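Next up, entry_10.cif (mmCIF, C-alpha atoms and all ligand atoms):
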data_input
loop_
_atom_site.group_PDB
_atom_site.id
_atom_site.type_symbol
_atom_site.label_atom_id
_atom_site.label_comp_id
_atom_site.auth_asym_id
_atom_site.auth_seq_id
_atom_site.Cartn_x
_atom_site.Cartn_y
_atom_site.Cartn_z
ATOM 1 C CA MET A 18 -0.172 57.174 -1.477
ATOM 2 C CA ALA A 19 -0.566 54.139 0.791
ATOM 3 C CA THR A 20 1.672 51.238 -0.183
ATOM 4 C CA ASN A 21 1.077 47.610 0.696
ATOM 5 C CA PHE A 22 3.607 44.978 -0.284
ATOM 6 C CA LEU A 23 1.796 42.151 1.507
ATOM 7 C CA SER A 24 -0.084 39.802 -0.820
ATOM 8 C CA GLN A 25 -2.723 37.376 0.423
ATOM 9 C CA LEU A 26 -1.852 33.745 -0.160
ATOM 10 C CA THR A 27 -3.601 30.701 -1.598
ATOM 11 C CA GLY A 28 -2.202 27.624 -3.313
ATOM 12 C CA SER A 29 -2.181 23.894 -3.750
ATOM 13 C CA PHE A 30 -0.606 21.050 -1.763
ATOM 14 C CA ALA A 31 0.157 17.959 -3.844
ATOM 15 C CA THR A 32 2.807 15.578 -5.007
ATOM 16 C CA SER A 33 3.732 15.756 -7.744
ATOM 17 C CA ALA A 34 2.835 19.432 -7.961
ATOM 18 C CA ALA A 35 4.789 20.656 -10.961
ATOM 19 C CA GLN A 36 2.267 19.738 -13.669
ATOM 20 C CA ASN A 37 -0.760 21.389 -12.024
ATOM 21 C CA PRO A 38 -2.022 24.197 -14.336
ATOM 22 C CA THR A 39 -4.431 25.635 -11.712
ATOM 23 C CA VAL A 40 -1.729 28.115 -10.715
ATOM 24 C CA ALA A 41 -1.872 29.742 -14.178
ATOM 25 C CA VAL A 42 -5.675 29.888 -14.021
ATOM 26 C CA MET A 43 -5.844 31.445 -10.556
ATOM 27 C CA GLU A 44 -3.034 33.958 -10.980
ATOM 28 C CA ALA A 45 -4.495 35.225 -14.269
ATOM 29 C CA ALA A 46 -7.954 35.592 -12.715
ATOM 30 C CA TYR A 47 -6.687 37.336 -9.560
ATOM 31 C CA ALA A 48 -4.675 39.791 -11.691
ATOM 32 C CA ALA A 49 -7.651 40.487 -13.988
ATOM 33 C CA ALA A 50 -9.788 41.264 -10.908
ATOM 34 C CA ASP A 51 -7.038 43.543 -9.568
ATOM 35 C CA LEU A 52 -6.736 41.393 -6.445
ATOM 36 C CA ASP A 53 -3.378 41.218 -4.660
ATOM 37 C CA VAL A 54 -3.745 37.474 -4.041
ATOM 38 C CA ARG A 55 -1.186 34.837 -5.071
ATOM 39 C CA TYR A 56 -1.576 31.109 -5.800
ATOM 40 C CA ILE A 57 1.458 28.910 -5.190
ATOM 41 C CA ASN A 58 1.929 25.273 -6.206
ATOM 42 C CA CYS A 59 3.569 23.479 -3.261
ATOM 43 C CA GLU A 60 5.244 20.068 -3.461
ATOM 44 C CA VAL A 61 3.997 18.412 -0.245
ATOM 45 C CA PRO A 62 4.733 14.707 0.373
ATOM 46 C CA PRO A 63 2.247 12.742 2.538
ATOM 47 C CA GLU A 64 4.398 12.861 5.708
ATOM 48 C CA ARG A 65 4.633 16.685 5.460
ATOM 49 C CA LEU A 66 0.921 17.474 5.093
ATOM 50 C CA GLY A 67 0.582 18.458 8.782
ATOM 51 C CA ASP A 68 3.587 20.789 8.551
ATOM 52 C CA ALA A 69 2.184 22.379 5.386
ATOM 53 C CA VAL A 70 -1.222 22.941 7.012
ATOM 54 C CA ARG A 71 0.344 24.516 10.117
ATOM 55 C CA GLY A 72 2.518 26.657 7.854
ATOM 56 C CA ALA A 73 -0.518 27.923 5.960
ATOM 57 C CA ILE A 74 -2.285 28.786 9.234
ATOM 58 C CA GLY A 75 0.885 30.430 10.573
ATOM 59 C CA MET A 76 1.303 32.561 7.466
ATOM 60 C CA GLY A 77 -2.340 33.591 7.364
ATOM 61 C CA TRP A 78 -3.220 31.913 4.056
ATOM 62 C CA LEU A 79 -6.821 32.393 2.879
ATOM 63 C CA GLY A 80 -6.973 28.685 2.011
ATOM 64 C CA PHE A 81 -5.602 25.996 -0.272
ATOM 65 C CA ASN A 82 -6.458 23.170 -2.645
ATOM 66 C CA CYS A 83 -5.444 19.615 -1.834
ATOM 67 C CA SER A 84 -4.736 17.345 -4.714
ATOM 68 C CA ILE A 85 -3.373 13.805 -4.954
ATOM 69 C CA PRO A 86 -2.532 12.240 -2.462
ATOM 70 C CA HIS A 87 -4.021 14.505 0.240
ATOM 71 C CA LYS A 88 -7.770 14.640 -0.511
ATOM 72 C CA VAL A 89 -8.693 12.127 2.206
ATOM 73 C CA ALA A 90 -5.741 12.581 4.601
ATOM 74 C CA ILE A 91 -6.594 16.295 4.983
ATOM 75 C CA LEU A 92 -9.803 15.352 6.842
ATOM 76 C CA ASP A 93 -7.706 14.774 10.005
ATOM 77 C CA TYR A 94 -6.749 18.467 10.103
ATOM 78 C CA LEU A 95 -10.189 20.051 9.559
ATOM 79 C CA ASP A 96 -12.583 21.633 12.063
ATOM 80 C CA ALA A 97 -15.643 21.480 9.800
ATOM 81 C CA LEU A 98 -16.812 19.874 6.572
ATOM 82 C CA ALA A 99 -19.327 21.100 4.002
ATOM 83 C CA PRO A 100 -22.266 18.651 3.739
ATOM 84 C CA SER A 101 -21.345 17.257 0.298
ATOM 85 C CA ALA A 102 -17.667 16.869 1.258
ATOM 86 C CA GLU A 103 -18.805 14.885 4.282
ATOM 87 C CA ILE A 104 -20.772 12.473 2.060
ATOM 88 C CA ILE A 105 -18.017 12.241 -0.583
ATOM 89 C CA GLY A 106 -15.426 11.679 2.156
ATOM 90 C CA ALA A 107 -12.786 13.782 0.406
ATOM 91 C CA VAL A 108 -11.811 17.456 0.293
ATOM 92 C CA ASN A 109 -10.078 19.405 -2.452
ATOM 93 C CA CYS A 110 -10.540 22.945 -1.109
ATOM 94 C CA VAL A 111 -9.850 24.242 2.406
ATOM 95 C CA THR A 112 -10.728 27.694 3.713
ATOM 96 C CA ILE A 113 -8.864 29.135 6.685
ATOM 97 C CA ASP A 114 -10.610 31.494 9.090
ATOM 98 C CA GLY A 115 -8.125 32.308 11.841
ATOM 99 C CA GLU A 116 -7.290 28.848 13.203
ATOM 100 C CA ARG A 117 -10.464 27.262 11.876
ATOM 101 C CA LEU A 118 -10.230 25.041 8.776
ATOM 102 C CA THR A 119 -13.294 24.108 6.703
ATOM 103 C CA GLY A 120 -13.201 21.510 3.946
ATOM 104 C CA GLU A 121 -15.213 21.593 0.723
ATOM 105 C CA ASN A 122 -15.259 19.347 -2.302
ATOM 106 C CA THR A 123 -15.536 21.600 -5.335
ATOM 107 C CA ASP A 124 -14.761 18.898 -7.957
ATOM 108 C CA GLY A 125 -18.398 17.809 -8.174
ATOM 109 C CA GLN A 126 -19.739 21.358 -7.815
ATOM 110 C CA GLY A 127 -17.516 22.398 -10.729
ATOM 111 C CA PHE A 128 -18.980 19.607 -12.821
ATOM 112 C CA VAL A 129 -22.596 20.412 -11.944
ATOM 113 C CA ASN A 130 -22.131 24.139 -12.563
ATOM 114 C CA ALA A 131 -20.533 23.414 -15.956
ATOM 115 C CA LEU A 132 -23.347 20.975 -16.766
ATOM 116 C CA ARG A 133 -25.993 23.584 -15.911
ATOM 117 C CA THR A 134 -24.796 25.635 -18.905
ATOM 118 C CA ILE A 135 -26.242 22.815 -21.065
ATOM 119 C CA VAL A 136 -28.905 21.033 -19.022
ATOM 120 C CA ASP A 137 -30.532 21.242 -15.581
ATOM 121 C CA PRO A 138 -29.631 18.048 -13.655
ATOM 122 C CA GLN A 139 -33.050 18.100 -11.939
ATOM 123 C CA GLY A 140 -34.969 14.905 -12.731
ATOM 124 C CA ARG A 141 -32.303 13.535 -15.129
ATOM 125 C CA SER A 142 -30.874 10.054 -15.314
ATOM 126 C CA PHE A 143 -27.040 9.893 -15.241
ATOM 127 C CA ALA A 144 -24.638 7.111 -16.244
ATOM 128 C CA ILE A 145 -21.173 7.677 -14.791
ATOM 129 C CA LEU A 146 -18.178 5.708 -16.091
ATOM 130 C CA GLY A 147 -15.726 5.158 -13.220
ATOM 131 C CA ALA A 148 -15.911 5.029 -9.441
ATOM 132 C CA GLY A 149 -12.735 6.877 -8.366
ATOM 133 C CA GLY A 150 -12.407 10.294 -6.745
ATOM 134 C CA ALA A 151 -13.818 12.297 -9.657
ATOM 135 C CA ALA A 152 -16.751 9.892 -10.160
ATOM 136 C CA ARG A 153 -17.544 9.962 -6.442
ATOM 137 C CA ALA A 154 -17.683 13.769 -6.337
ATOM 138 C CA ILE A 155 -19.732 13.981 -9.557
ATOM 139 C CA ALA A 156 -22.186 11.256 -8.507
ATOM 140 C CA VAL A 157 -22.886 12.768 -5.084
ATOM 141 C CA GLU A 158 -23.099 16.366 -6.281
ATOM 142 C CA SER A 159 -25.334 15.481 -9.264
ATOM 143 C CA ALA A 160 -27.630 13.517 -6.934
ATOM 144 C CA LEU A 161 -27.788 16.441 -4.485
ATOM 145 C CA ALA A 162 -28.579 18.738 -7.444
ATOM 146 C CA GLY A 163 -31.740 16.709 -8.118
ATOM 147 C CA ALA A 164 -30.718 13.894 -10.467
ATOM 148 C CA ARG A 165 -33.397 11.179 -10.562
ATOM 149 C CA ARG A 166 -31.085 8.218 -11.020
ATOM 150 C CA ILE A 167 -27.326 7.629 -10.940
ATOM 151 C CA THR A 168 -25.942 4.514 -12.643
ATOM 152 C CA ILE A 169 -22.328 3.764 -11.761
ATOM 153 C CA VAL A 170 -20.521 1.813 -14.491
ATOM 154 C CA ASN A 171 -17.157 0.500 -13.314
ATOM 155 C CA ARG A 172 -14.590 -2.153 -14.183
ATOM 156 C CA THR A 173 -13.907 -3.092 -10.542
ATOM 157 C CA ALA A 174 -17.217 -4.270 -9.104
ATOM 158 C CA SER A 175 -16.471 -3.711 -5.413
ATOM 159 C CA ARG A 176 -15.544 -0.050 -5.951
ATOM 160 C CA GLY A 177 -18.515 0.624 -8.235
ATOM 161 C CA ARG A 178 -21.016 -1.063 -5.923
ATOM 162 C CA GLU A 179 -19.712 0.892 -2.930
ATOM 163 C CA LEU A 180 -20.287 4.200 -4.730
ATOM 164 C CA ALA A 181 -23.791 3.230 -5.890
ATOM 165 C CA ASP A 182 -24.623 2.203 -2.299
ATOM 166 C CA LEU A 183 -23.306 5.528 -0.989
ATOM 167 C CA VAL A 184 -25.462 7.538 -3.420
ATOM 168 C CA ALA A 185 -28.556 5.456 -2.589
ATOM 169 C CA ALA A 186 -28.004 5.766 1.184
ATOM 170 C CA ARG A 187 -26.973 9.430 1.444
ATOM 171 C CA THR A 188 -28.818 11.284 -1.330
ATOM 172 C CA PRO A 189 -32.427 11.442 -2.605
ATOM 173 C CA ALA A 190 -31.460 9.838 -5.982
ATOM 174 C CA ASP A 191 -31.947 6.197 -6.969
ATOM 175 C CA ALA A 192 -28.661 4.464 -7.681
ATOM 176 C CA GLU A 193 -27.546 1.249 -9.336
ATOM 177 C CA PHE A 194 -24.297 -0.408 -10.292
ATOM 178 C CA VAL A 195 -23.436 -1.938 -13.676
ATOM 179 C CA GLU A 196 -20.248 -3.942 -14.067
ATOM 180 C CA TRP A 197 -18.249 -2.683 -17.058
ATOM 181 C CA GLU A 198 -17.272 -5.688 -19.138
ATOM 182 C CA GLY A 199 -16.616 -5.177 -22.842
ATOM 183 C CA THR A 200 -18.808 -2.446 -24.343
ATOM 184 C CA TYR A 201 -21.246 -0.435 -22.194
ATOM 185 C CA ASP A 202 -24.334 0.245 -24.297
ATOM 186 C CA VAL A 203 -25.905 3.460 -22.969
ATOM 187 C CA PRO A 204 -29.620 2.776 -22.235
ATOM 188 C CA ALA A 205 -32.101 4.970 -24.125
ATOM 189 C CA ASP A 206 -33.439 6.534 -20.903
ATOM 190 C CA VAL A 207 -30.038 7.936 -19.827
ATOM 191 C CA ASP A 208 -29.929 11.740 -20.220
ATOM 192 C CA VAL A 209 -26.323 12.450 -19.163
ATOM 193 C CA LEU A 210 -23.281 10.218 -19.769
ATOM 194 C CA VAL A 211 -20.045 11.133 -17.965
ATOM 195 C CA ASN A 212 -16.572 9.736 -18.523
ATOM 196 C CA ALA A 213 -15.154 10.047 -14.995
ATOM 197 C CA THR A 214 -12.240 7.691 -15.666
ATOM 198 C CA SER A 215 -8.747 8.780 -16.641
ATOM 199 C CA ILE A 216 -9.094 7.057 -20.050
ATOM 200 C CA GLY A 217 -8.044 9.484 -22.802
ATOM 201 C CA PHE A 218 -5.773 11.667 -20.657
ATOM 202 C CA HIS A 219 -2.868 13.120 -22.688
ATOM 203 C CA PRO A 220 -0.750 11.572 -24.216
ATOM 204 C CA SER A 221 -3.123 8.583 -24.445
ATOM 205 C CA THR A 222 -5.712 8.722 -27.220
ATOM 206 C CA SER A 223 -7.713 5.728 -26.007
ATOM 207 C CA THR A 224 -11.444 6.056 -25.462
ATOM 208 C CA PRO A 225 -13.915 4.411 -23.056
ATOM 209 C CA ASN A 226 -15.576 1.358 -24.597
ATOM 210 C CA VAL A 227 -19.124 2.703 -24.997
ATOM 211 C CA SER A 228 -21.870 2.533 -27.623
ATOM 212 C CA GLY A 229 -25.278 4.174 -27.904
ATOM 213 C CA PHE A 230 -24.456 7.872 -28.394
ATOM 214 C CA ARG A 231 -27.491 9.645 -29.817
ATOM 215 C CA PRO A 232 -28.914 13.157 -30.327
ATOM 216 C CA GLY A 233 -30.267 14.395 -26.997
ATOM 217 C CA LEU A 234 -27.675 12.530 -24.929
ATOM 218 C CA VAL A 235 -25.437 14.979 -23.053
ATOM 219 C CA THR A 236 -21.934 13.503 -23.004
ATOM 220 C CA ALA A 237 -19.352 14.950 -20.602
ATOM 221 C CA ASP A 238 -15.683 14.158 -20.070
ATOM 222 C CA VAL A 239 -13.678 14.894 -16.910
ATOM 223 C CA VAL A 240 -10.452 14.661 -18.892
ATOM 224 C CA ALA A 241 -9.397 18.279 -19.545
ATOM 225 C CA ASN A 242 -6.233 17.552 -21.530
ATOM 226 C CA PRO A 243 -6.873 17.368 -24.445
ATOM 227 C CA PRO A 244 -10.093 19.425 -24.213
ATOM 228 C CA GLN A 245 -11.620 17.598 -27.209
ATOM 229 C CA THR A 246 -11.022 13.951 -26.268
ATOM 230 C CA GLN A 247 -11.649 11.118 -28.733
ATOM 231 C CA PHE A 248 -14.617 10.212 -26.537
ATOM 232 C CA LEU A 249 -16.235 13.640 -27.046
ATOM 233 C CA GLN A 250 -15.397 13.637 -30.759
ATOM 234 C CA ARG A 251 -17.120 10.270 -31.204
ATOM 235 C CA ALA A 252 -20.130 11.421 -29.174
ATOM 236 C CA ALA A 253 -20.443 14.614 -31.247
ATOM 237 C CA ALA A 254 -20.078 12.697 -34.535
ATOM 238 C CA GLU A 255 -23.066 10.567 -33.485
ATOM 239 C CA GLY A 256 -25.178 13.618 -32.641
ATOM 240 C CA ALA A 257 -24.735 13.905 -28.852
ATOM 241 C CA THR A 258 -24.257 17.261 -27.088
ATOM 242 C CA THR A 259 -20.801 17.430 -25.497
ATOM 243 C CA LEU A 260 -19.247 19.067 -22.424
ATOM 244 C CA GLU A 261 -15.460 19.367 -22.067
ATOM 245 C CA GLY A 262 -13.531 18.674 -18.841
ATOM 246 C CA LEU A 263 -12.150 22.221 -19.113
ATOM 247 C CA GLY A 264 -15.532 23.579 -18.036
ATOM 248 C CA MET A 265 -15.448 21.513 -14.848
ATOM 249 C CA LEU A 266 -11.952 22.737 -14.025
ATOM 250 C CA VAL A 267 -12.823 26.396 -14.622
ATOM 251 C CA ASN A 268 -16.029 26.181 -12.572
ATOM 252 C CA GLN A 269 -14.191 24.472 -9.753
ATOM 253 C CA ALA A 270 -11.577 27.249 -9.743
ATOM 254 C CA LEU A 271 -14.363 29.876 -9.702
ATOM 255 C CA THR A 272 -15.906 28.254 -6.629
ATOM 256 C CA ASN A 273 -12.530 27.971 -4.871
ATOM 257 C CA ALA A 274 -11.839 31.680 -5.476
ATOM 258 C CA ARG A 275 -15.297 32.622 -4.200
ATOM 259 C CA LEU A 276 -14.728 30.613 -1.010
ATOM 260 C CA TRP A 277 -11.330 32.235 -0.390
ATOM 261 C CA THR A 278 -11.898 35.839 -1.503
ATOM 262 C CA GLY A 279 -15.682 36.276 -1.596
ATOM 263 C CA ARG A 280 -15.312 37.468 -5.199
ATOM 264 C CA ASP A 281 -16.639 36.125 -8.504
ATOM 265 C CA LEU A 282 -13.671 36.016 -10.869
ATOM 266 C CA ASP A 283 -13.857 36.017 -14.664
ATOM 267 C CA PRO A 284 -14.382 32.498 -16.118
ATOM 268 C CA ALA A 285 -13.294 33.636 -19.599
ATOM 269 C CA VAL A 286 -9.903 34.758 -18.223
ATOM 270 C CA MET A 287 -9.566 31.425 -16.432
ATOM 271 C CA ARG A 288 -10.424 29.421 -19.524
ATOM 272 C CA ARG A 289 -7.951 31.327 -21.717
ATOM 273 C CA ALA A 290 -5.167 30.819 -19.141
ATOM 274 C CA LEU A 291 -5.962 27.122 -18.924
ATOM 275 C CA GLU A 292 -6.011 26.661 -22.698
ATOM 276 C CA ALA A 293 -2.710 28.535 -23.013
ATOM 277 C CA SER A 294 -1.079 26.396 -20.291
ATOM 278 C CA LEU A 295 -2.304 23.160 -21.915
ATOM 279 C CA GLU A 296 -1.013 24.283 -25.322
ATOM 280 C CA GLY A 297 2.322 25.147 -23.695
HETATM 281 P P1 LIG A 301 -9.006 7.476 -9.718
HETATM 282 O O1 LIG A 301 -7.704 6.786 -9.889
HETATM 283 O O2 LIG A 301 -9.519 7.748 -8.350
HETATM 284 O O3 LIG A 301 -10.140 6.636 -10.502
HETATM 285 C C1 LIG A 301 -9.946 6.223 -11.815
HETATM 286 C C2 LIG A 301 -11.210 5.513 -12.319
HETATM 287 O O4 LIG A 301 -11.000 5.220 -13.700
HETATM 288 C C3 LIG A 301 -11.510 4.190 -11.634
HETATM 289 O O5 LIG A 301 -12.900 4.019 -11.529
HETATM 290 C C4 LIG A 301 -10.920 3.169 -12.612
HETATM 291 O O6 LIG A 301 -11.587 1.920 -12.565
HETATM 292 C C5 LIG A 301 -11.203 3.834 -13.935
HETATM 293 N N1 LIG A 301 -10.276 3.393 -14.979
HETATM 294 C C6 LIG A 301 -8.996 3.796 -15.165
HETATM 295 N N2 LIG A 301 -8.464 3.179 -16.243
HETATM 296 C C7 LIG A 301 -9.446 2.359 -16.741
HETATM 297 C C8 LIG A 301 -9.524 1.472 -17.850
HETATM 298 N N3 LIG A 301 -8.486 1.296 -18.665
HETATM 299 N N4 LIG A 301 -10.699 0.813 -18.069
HETATM 300 C C9 LIG A 301 -11.770 0.997 -17.261
HETATM 301 N N5 LIG A 301 -11.748 1.818 -16.175
HETATM 302 C C10 LIG A 301 -10.604 2.504 -15.926
HETATM 303 O O7 LIG A 301 -8.870 8.830 -10.555
HETATM 304 P P2 LIG A 301 -9.697 10.204 -10.343
HETATM 305 O O8 LIG A 301 -11.125 9.869 -10.183
HETATM 306 O O9 LIG A 301 -9.018 11.027 -9.310
HETATM 307 O O10 LIG A 301 -9.435 10.935 -11.732
HETATM 308 C C11 LIG A 301 -10.057 10.469 -12.941
HETATM 309 C C12 LIG A 301 -9.858 11.516 -14.026
HETATM 310 O O11 LIG A 301 -10.566 12.699 -13.667
HETATM 311 C C13 LIG A 301 -8.406 11.955 -14.245
HETATM 312 O O12 LIG A 301 -8.169 11.989 -15.640
HETATM 313 C C14 LIG A 301 -8.367 13.367 -13.682
HETATM 314 O O13 LIG A 301 -7.431 14.173 -14.348
HETATM 315 C C15 LIG A 301 -9.780 13.821 -13.968
HETATM 316 N N6 LIG A 301 -10.220 14.938 -13.119
HETATM 317 C C16 LIG A 301 -10.657 16.066 -13.765
HETATM 318 C C17 LIG A 301 -11.113 17.148 -13.033
HETATM 319 C C18 LIG A 301 -11.593 18.355 -13.780
HETATM 320 O O14 LIG A 301 -11.845 19.373 -13.131
HETATM 321 N N7 LIG A 301 -11.749 18.314 -15.108
HETATM 322 C C19 LIG A 301 -11.137 17.136 -11.553
HETATM 323 C C20 LIG A 301 -10.691 15.889 -10.973
HETATM 324 C C21 LIG A 301 -10.239 14.846 -11.745
HETATM 325 P P3 LIG A 301 -11.251 0.785 -11.453
HETATM 326 O O15 LIG A 301 -11.992 1.183 -10.217
HETATM 327 O O16 LIG A 301 -11.752 -0.450 -12.085
HETATM 328 O O17 LIG A 301 -9.742 0.818 -11.304
#

Show me this structure written as C-alpha cells.
Ligand code: NDP
Amino acid sequence: MATNFLSQLTGSFATSAAQNPTVAVMEAAYAAADLDVRYINCEVPPERLGDAVRGAIGMGWLGFNCSIPHKVAILDYLDALAPSAEIIGAVNCVTIDGERLTGENTDGQGFVNALRTIVDPQGRSFAILGAGGAARAIAVESALAGARRITIVNRTASRGRELADLVAARTPADAEFVEWEGTYDVPADVDVLVNATSIGFHPSTSTPNVSGFRPGLVTADVVANPPQTQFLQRAAAEGATTLEGLGMLVNQALTNARLWTGRDLDPAVMRRALEASLEG
C-alpha cells in the first residue's frame, strides 16, 4: 500500500491569530472530505509578512488567508488580483501557483452567497451600516451581483462618502451616502439592511441605532459571535427576515477551499465546527 505522510498546507496570517476559529472550520471540512490538507493559524506581525509569504511559497502551500492587519499590505506581494479584490483594494485569500500569487476578496462573496439563500440581490436596494473593511467588501460585491442601489450609512462622513463614491464609480449600481447621527430610520424602499459594523460583537450586547424594521425587509449581520445578535433579534421581533453572520463566514470558507483545492466542501460540517468553537 502506498504511503504518503506529506500533507498539503493552507492557513491564515494575522495578528493576533489565536482567536481565529477558521482553523476549526477548515480542518473539520478537509477531514470530512477525506482531504490530506491542513490549515494552520500563524501569528504574523506586520514587519514579518514578507517572510511569511516567502515561507509559504518555499514550502509549497496551496494558499492562505490574510486577516487583520495584512489585508491591504499583502497587495505588494501579489502577481494578480481578482476583479472585485482590485475594486475593494483589499485581499483576504491568496492562492499560490508555483511562484505566482493571486489575491481574492472572499468576504463579500461569502456575504452574497449567504444572502442568495434568502433573496437574489439582483435589482434590490441595500442599506449598509458601516464603511470599514467588511462594509467595503459587501458593498462592492453586492453591487457587482446586480444590486440596484447601495446606501452607505456611516458615523464618520469622510469614510462613508469615499465608499459610496467607489461603488458609484466602479460598479453598475447607484450609490449614496447617509451620515449616521442618532437613529437611522430605514426607508421603506430598502430591501436589504446589513449591519457591517462591529457593534454587537461578543461580549458587547449593544445594537446599532436603527428603526424601521418591517416584514419583507431582509436584515443581515456580519457579526458572527453571537450568531443571534440583539440586532437580529429585534429585527425578527418586528417581522423582518434575518441572516446571521455565521452564514457569511461559512460561505467565505467554502470559497477559499474551492480556490485552494478545487473541491466543494460540506457547509454543514463547517457550520457545526464553527458553532462548536464559538460555544467553546
Ligand atoms: P473596521 O474597523 O474596518 O470598520 C468598523 C466599522 O464599524 C466602521 O465603519 C465604524 O465606523 C463602524 N463602527 C464601529 N463602532 C461603531 C459605533 N459604536 N457606532 C457607529 N459605527 C461604528 O472593521 P471591519 O469592517 O473589518 O469589521 C466589522 C465587523 O465585521 C467585525 O465585527 C468583524 O468581526 C465582522 N466581520 C465578519 C465577517 C464574517 O464573515 N461574518 C468577515 C469580516 C468581518 P467609523 O468609520 O465611523 O469608525

With the file shown as input, list the residues that the PyMOL selection byres (((chain A and resi 159) around 9) and not hetatm) selects, as a ChimeraX atom specification. /A:125-126,128-129,138-139,143,154-158,160-164,167,190

Could those residues be written to a file, using C-alpha atoms, as an mmCIF file, keeping the file's coordinate frame?
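Output (out-v2.cif):
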data_model
loop_
_atom_site.group_PDB
_atom_site.id
_atom_site.type_symbol
_atom_site.label_atom_id
_atom_site.label_comp_id
_atom_site.auth_asym_id
_atom_site.auth_seq_id
_atom_site.Cartn_x
_atom_site.Cartn_y
_atom_site.Cartn_z
ATOM 1 C CA GLY A 125 -18.398 17.809 -8.174
ATOM 2 C CA GLN A 126 -19.739 21.358 -7.815
ATOM 3 C CA PHE A 128 -18.980 19.607 -12.821
ATOM 4 C CA VAL A 129 -22.596 20.412 -11.944
ATOM 5 C CA PRO A 138 -29.631 18.048 -13.655
ATOM 6 C CA GLN A 139 -33.050 18.100 -11.939
ATOM 7 C CA PHE A 143 -27.040 9.893 -15.241
ATOM 8 C CA ALA A 154 -17.683 13.769 -6.337
ATOM 9 C CA ILE A 155 -19.732 13.981 -9.557
ATOM 10 C CA ALA A 156 -22.186 11.256 -8.507
ATOM 11 C CA VAL A 157 -22.886 12.768 -5.084
ATOM 12 C CA GLU A 158 -23.099 16.366 -6.281
ATOM 13 C CA ALA A 160 -27.630 13.517 -6.934
ATOM 14 C CA LEU A 161 -27.788 16.441 -4.485
ATOM 15 C CA ALA A 162 -28.579 18.738 -7.444
ATOM 16 C CA GLY A 163 -31.740 16.709 -8.118
ATOM 17 C CA ALA A 164 -30.718 13.894 -10.467
ATOM 18 C CA ILE A 167 -27.326 7.629 -10.940
ATOM 19 C CA ALA A 190 -31.460 9.838 -5.982
#

Might you pull out every residue within 12 Å of Thr272 of chain A, with only C-alpha atoms counted and same-chain residues fewer than 6 positions away left off, and present them as a list of chain:residue names? A:Met43, A:Asn82, A:Asn109, A:Cys110, A:Val111, A:Thr112, A:Glu121, A:Asn122, A:Thr123, A:Asp124, A:Gly125, A:Gln126, A:Gly127, A:Phe128, A:Val129, A:Asn130, A:Ala131, A:Met265, A:Leu266, A:Thr278, A:Gly279, A:Arg280, A:Asp281, A:Leu282, A:Asp283, A:Pro284

Within 10 Å of segment 288-290 of chain A, counting all atoms listed in the file, which residues qualify if same-chain residues fewer than 2 places away don't, as a VMD selection string? chain A and resid 38 to 46 263 to 264 266 to 268 283 to 286 292 to 296

Please identify every polymer residue within 6 Å of ligand LIG 301 (chain A), using all atoms listed in the file, and present the set as a ChimeraX atom specification. /A:124,147-152,171-173,176,213-216,218,239-241,262-263,265-266

Decode the PyMOL selection byres (((chain A and resi 142) around 6) and not hetatm) for the given file into explicit residues and return them as a PDB file with C-alpha atoms, in the frame of the given file.
ATOM      1  CA  ARG A 141     -32.303  13.535 -15.129  1.00  0.00           C
ATOM      2  CA  PHE A 143     -27.040   9.893 -15.241  1.00  0.00           C
ATOM      3  CA  ARG A 165     -33.397  11.179 -10.562  1.00  0.00           C
ATOM      4  CA  ARG A 166     -31.085   8.218 -11.020  1.00  0.00           C
ATOM      5  CA  VAL A 207     -30.038   7.936 -19.827  1.00  0.00           C
ATOM      6  CA  ASP A 208     -29.929  11.740 -20.220  1.00  0.00           C
TER       7      ASP A 208
END

Residue with the minimum atom-to-atom distance to Gln247 of chain A, picked from A:Asp96, A:Asp51, A:Asp68, A:Glu261 with only C-alpha atoms counted, is A:Glu261

Which is closest to Gly106 of chain A among A:Arg71, A:Gly77, A:Leu118, A:Arg187, if we use all atoms listed in the file? A:Arg187

Do you have the atom CA of Gly199 of chain A-atom CA of Ser221 of chain A distance handy?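 According to the coordinates, atom CA of Gly199 of chain A and atom CA of Ser221 of chain A are separated by 19.3 Å.
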
Final N, CA and C atoms of segment 84-92 of chain A as a short mmCIF file (atom, residue, chain, number, x, y, z; two decimals), keeping the file's coordinate frame:
data_model
loop_
_atom_site.label_atom_id
_atom_site.label_comp_id
_atom_site.auth_asym_id
_atom_site.auth_seq_id
_atom_site.Cartn_x
_atom_site.Cartn_y
_atom_site.Cartn_z
N SER A 84 -4.60 18.27 -3.60
CA SER A 84 -4.74 17.34 -4.71
C SER A 84 -4.14 16.01 -4.28
N ILE A 85 -3.91 15.14 -5.27
CA ILE A 85 -3.37 13.80 -4.95
C ILE A 85 -2.02 13.96 -4.25
N PRO A 86 -1.76 13.29 -3.12
CA PRO A 86 -2.53 12.24 -2.46
C PRO A 86 -3.23 12.69 -1.18
N HIS A 87 -3.60 13.98 -1.07
CA HIS A 87 -4.02 14.50 0.24
C HIS A 87 -5.53 14.64 0.44
N LYS A 88 -6.35 14.29 -0.57
CA LYS A 88 -7.77 14.64 -0.51
C LYS A 88 -8.53 13.97 0.64
N VAL A 89 -8.05 12.81 1.06
CA VAL A 89 -8.69 12.13 2.21
C VAL A 89 -7.91 12.40 3.49
N ALA A 90 -6.58 12.37 3.41
CA ALA A 90 -5.74 12.58 4.60
C ALA A 90 -5.99 13.94 5.25
N ILE A 91 -6.39 14.94 4.45
CA ILE A 91 -6.59 16.30 4.98
C ILE A 91 -7.74 16.34 6.00
N LEU A 92 -8.65 15.35 5.93
CA LEU A 92 -9.80 15.35 6.84
C LEU A 92 -9.35 15.41 8.30
#
